[in-house]
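Colleague: Encoded as structure tokens, here's the structure I'll be asking about.
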Amino acid sequence: MEHIKKHFPDLTDRQREQFITMLREYPVWNAKINVISRKDIDNLEINHILHSLAIARFIRFTPDSRILDFGTGGGFPGIPLAAMFPDVSFHLVDRTGKKILVAREVASACGLDNVTFMHGDVAECKEKFDFVVSRAVMPQPDLLKICRRNMAEEQRNALPNGLITLKGGELGDELRPLRNCSEIVGVDNYFDEEFFKGKKIVYTMAR
């Protein structure tokens, strides 16, 4: 918990307990169903939970916002963000049922009542959201094309509704088609751990 507490010193007691629960439950479930690489589970706090929370430094979602986590896997970034924003609704979608099972069980253990789940293709989701978040499941233009129809018209946040992804590496070619509506921020602007060098948040407006 030391890295989470260092960067988010104003957590409530409930939030601290929820993050402690994540740190306890994910290794237990990962031993049963592999959602994080075996060698990476020891880096759960920094590489997965804190990495997810970079989005919380980029934007403070307003209460009653609705967020779609596309390709959530075992629940990243959706579950850490749901703990950080208890007044925001998160809908976690993944095609792999076992991964959704892990995410559901961890959320239940954490007492998160602002998270819903869907096992299936996002094309089956007809709901509208303020933002779509994702951990680099596909190139930004392709992801935007798939999720654009899930973007709500109503605006309630400081940033226009859109897509927020966590990525790494060189993004120039990938983002060229979206250069006029995208913003890139280095995660190391927020967190000083070595892991975050080269990691980026990419925001693209939906319209």
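Ordering of the structure tokens sets the chain letters (A, B, ...), residue numbers begin anew at 1 in every chain, and ligands are numbered from 1 in the order given.
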Give me, as a PyMOL selection string, all polymer residues having an atom no more than 7 Å from range 82-91 of chain A, counting only C-alpha atoms and skipping those fewer than 5 positions away in the same chain.

Modeller: chain A and resi 15+18+63-69+112+114-117

Colleague: Please return, as a ChimeraX atom specification, all residues of range 1-116 of chain A that DSSP assigns to alpha helix (DSSP H) on the basis of the backbone.

Modeller: /A:2-7,13-32,51-58,78-84,97-110

Colleague: Check the DSSP output for the backbone and give back, as a ChimeraX atom specification, the residues of range 16-199 of chain A in strand (DSSP E).

Modeller: /A:66-70,89-94,115-119,131-134,162-168,182-186,199

Colleague: Just want the 12 Å neighbourhood of Val185 in chain A, counted on only C-alpha atoms, with same-chain residues fewer than 3 positions away dropped. Output as a count of residues only.

Modeller: 25

Colleague: My list of candidates is A:Val102, A:Ile41, A:Val187, A:Cys147. Which is closest to Ile79 in chain A when distances are computed with only C-alpha atoms?

Modeller: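 Nearest to Ile79 in chain A: A:Val102.
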
Colleague: Calculated over only C-alpha atoms, which of the candidates A:Glu174, A:Glu127, A:Glu25, A:Asp121 has the smallest distance to Pro141 in chain A?

Modeller: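 Among A:Glu174, A:Glu127, A:Glu25, A:Asp121, it is A:Glu174 that comes nearest to Pro141 in chain A.
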
Colleague: Taking only C-alpha atoms into account, which of A:Asn47, A:Ser108, A:Thr96, A:Asn161 comes nearest Lys128 in chain A?

Modeller: A:Asn161
